[in-house]
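Inspection log for the structure reproduced underneath, given as structure tokens.
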Amino acid sequence: MNASVIELTPIGVIHSAHTDASRTPIQPVYADGCTGTVEVFPAYAEGLLDLEEFSHVYLLYHFHRAGPAQLIVKPFLQDVHHGVFATRAPCRPNAIGLSVVRLVRRDGLMLHVAGLDVLDGTPLLDIKPYTARFDRFETTRNGWQDEVDEETAKRRGTRA
């Protein structure tokens, strides 16, 4: 195993009303009505050129408040343990999060977004446009998540 170190530098910070991890929606699909802003640092301003032409963007960020990494976890949607790589749990070996949010508008270095399921103050690592041509699949297998009924998923996902 190669144990080389990779350093990542935040390109910005995510601002939201979510300050309590236990009350934050677990996925953007359960964050309907949750808005926020993504502040991009000035050094990366040029990288935002043409981003406003996209309706949705991927936010990649550091789970800066996650607990220690675990390889076996019990996900929010089910009371059964799974390997961390078969879940979206935050306690990952590299603690990298991914959310697809709706880009409402861009004001200079600030991106106004909706469907935000990220804690306030989260370090932003990258932004990528969501493109249906590349990112949507007609047929998928959803593993253990297909066993979770919609009512349970919505209740647990919204943290209601």
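Labels for the structure tokens follow display order: chains A, B, ..., residues from 1 in each chain, ligands from 1.
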Residues within 8 Å of Ala95 (chain A), only C-alpha atoms, excluding chain neighbours under 5 positions, as a ChimeraX atom specification:
/A:62-64,66,69,90
From a backbone DSSP assignment, name each residue in region 39-159 of chain A labelled strand (DSSP E or B), as number ranges by chain.
A: 39-40, 56-62, 72-73, 82-83, 96-107, 110-114, 122-129
Write the selection just made, keeping C-alpha atoms, as a PDB file, in the first residue's frame?
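Result file is part_28.pdb:
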```pdb
ATOM      1  CA  GLU A  39     -18.336  31.737  -0.872  1.00  0.00           C
ATOM      2  CA  VAL A  40     -15.471  31.198  -3.289  1.00  0.00           C
ATOM      3  CA  HIS A  56     -27.178  22.469 -10.703  1.00  0.00           C
ATOM      4  CA  VAL A  57     -23.664  22.013  -9.372  1.00  0.00           C
ATOM      5  CA  TYR A  58     -21.758  19.413  -7.406  1.00  0.00           C
ATOM      6  CA  LEU A  59     -20.181  20.691  -4.210  1.00  0.00           C
ATOM      7  CA  LEU A  60     -17.239  18.673  -2.915  1.00  0.00           C
ATOM      8  CA  TYR A  61     -16.335  19.526   0.642  1.00  0.00           C
ATOM      9  CA  HIS A  62     -14.543  18.372   3.766  1.00  0.00           C
ATOM     10  CA  ILE A  72     -18.311  -0.331   9.097  1.00  0.00           C
ATOM     11  CA  VAL A  73     -21.158   2.122   9.758  1.00  0.00           C
ATOM     12  CA  HIS A  82     -22.732  -1.656   5.944  1.00  0.00           C
ATOM     13  CA  GLY A  83     -19.247  -0.912   4.682  1.00  0.00           C
ATOM     14  CA  ILE A  96     -14.976  14.110   1.605  1.00  0.00           C
ATOM     15  CA  GLY A  97     -18.620  15.028   1.050  1.00  0.00           C
ATOM     16  CA  LEU A  98     -20.538  15.459  -2.186  1.00  0.00           C
ATOM     17  CA  SER A  99     -23.862  17.232  -2.751  1.00  0.00           C
ATOM     18  CA  VAL A 100     -25.755  18.226  -5.880  1.00  0.00           C
ATOM     19  CA  VAL A 101     -27.493  21.562  -5.288  1.00  0.00           C
ATOM     20  CA  ARG A 102     -29.550  23.916  -7.419  1.00  0.00           C
ATOM     21  CA  LEU A 103     -27.632  27.029  -8.456  1.00  0.00           C
ATOM     22  CA  VAL A 104     -30.111  29.874  -7.938  1.00  0.00           C
ATOM     23  CA  ARG A 105     -27.762  32.666  -8.975  1.00  0.00           C
ATOM     24  CA  ARG A 106     -24.206  33.907  -8.865  1.00  0.00           C
ATOM     25  CA  ASP A 107     -23.230  37.261  -7.348  1.00  0.00           C
ATOM     26  CA  MET A 110     -21.041  34.158  -3.948  1.00  0.00           C
ATOM     27  CA  LEU A 111     -23.155  31.311  -5.281  1.00  0.00           C
ATOM     28  CA  HIS A 112     -26.719  31.225  -3.989  1.00  0.00           C
ATOM     29  CA  VAL A 113     -27.880  27.611  -3.816  1.00  0.00           C
ATOM     30  CA  ALA A 114     -30.960  25.591  -2.840  1.00  0.00           C
ATOM     31  CA  THR A 122     -17.895  23.714   5.838  1.00  0.00           C
ATOM     32  CA  PRO A 123     -14.652  24.013   3.812  1.00  0.00           C
ATOM     33  CA  LEU A 124     -15.332  23.836   0.061  1.00  0.00           C
ATOM     34  CA  LEU A 125     -12.876  21.693  -1.924  1.00  0.00           C
ATOM     35  CA  ASP A 126     -14.297  21.893  -5.457  1.00  0.00           C
ATOM     36  CA  ILE A 127     -17.292  22.778  -7.626  1.00  0.00           C
ATOM     37  CA  LYS A 128     -18.318  20.920 -10.762  1.00  0.00           C
ATOM     38  CA  PRO A 129     -21.327  21.467 -13.010  1.00  0.00           C
TER      39      PRO A 129
END
```
Grab the CA of Gly47 (chain A) to CA of Gly108 (chain A) distance for me, in Å with one decimal place.
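Between CA of Gly47 (chain A) and CA of Gly108 (chain A) the gap works out to 11.4 Å.
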Just the alpha helix (DSSP H) stuff from region 3-151 of chain A, please, per backbone DSSP, written as a list in words.
Ala132, Arg133, Phe134, Asp135, Glu150 and Glu151 of chain A
Let's have the selection written as an mmCIF file, in the first residue's frame, with N, CA and C atoms.
```cif
data_model
loop_
_atom_site.group_PDB
_atom_site.id
_atom_site.type_symbol
_atom_site.label_atom_id
_atom_site.label_comp_id
_atom_site.auth_asym_id
_atom_site.auth_seq_id
_atom_site.Cartn_x
_atom_site.Cartn_y
_atom_site.Cartn_z
ATOM 1 N N ALA A 132 -26.711 16.623 -17.170
ATOM 2 C CA ALA A 132 -27.563 15.441 -17.363
ATOM 3 C C ALA A 132 -26.987 14.507 -18.423
ATOM 4 N N ARG A 133 -26.387 15.058 -19.432
ATOM 5 C CA ARG A 133 -25.813 14.237 -20.505
ATOM 6 C C ARG A 133 -24.770 13.250 -19.969
ATOM 7 N N PHE A 134 -24.013 13.663 -18.972
ATOM 8 C CA PHE A 134 -22.945 12.828 -18.435
ATOM 9 C C PHE A 134 -23.305 12.137 -17.118
ATOM 10 N N ASP A 135 -24.181 12.759 -16.336
ATOM 11 C CA ASP A 135 -24.376 12.334 -14.951
ATOM 12 C C ASP A 135 -25.653 11.553 -14.672
ATOM 13 N N GLU A 150 -40.091 4.651 1.171
ATOM 14 C CA GLU A 150 -40.037 6.112 0.978
ATOM 15 C C GLU A 150 -40.392 6.882 2.243
ATOM 16 N N GLU A 151 -41.391 6.415 2.994
ATOM 17 C CA GLU A 151 -41.799 7.122 4.212
ATOM 18 C C GLU A 151 -40.664 7.155 5.232
#
```
Could you tell me which of A:Tyr44, A:Phe54, A:Phe137, A:Leu116 comes closest to Ile14 (chain A) if we count only C-alpha atoms?
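Counting only C-alpha atoms, the residue closest to Ile14 (chain A) is A:Leu116.
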Counting only C-alpha atoms, the option among A:Val80, A:Glu53, A:Phe85, A:Pro93 closest to Gly67 (chain A)
A:Pro93
d(CA of Cys34 (chain A), CA of Val118 (chain A)) in Å
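Atom-to-atom, CA of Cys34 (chain A) and CA of Val118 (chain A) are spaced 9.6 Å apart.
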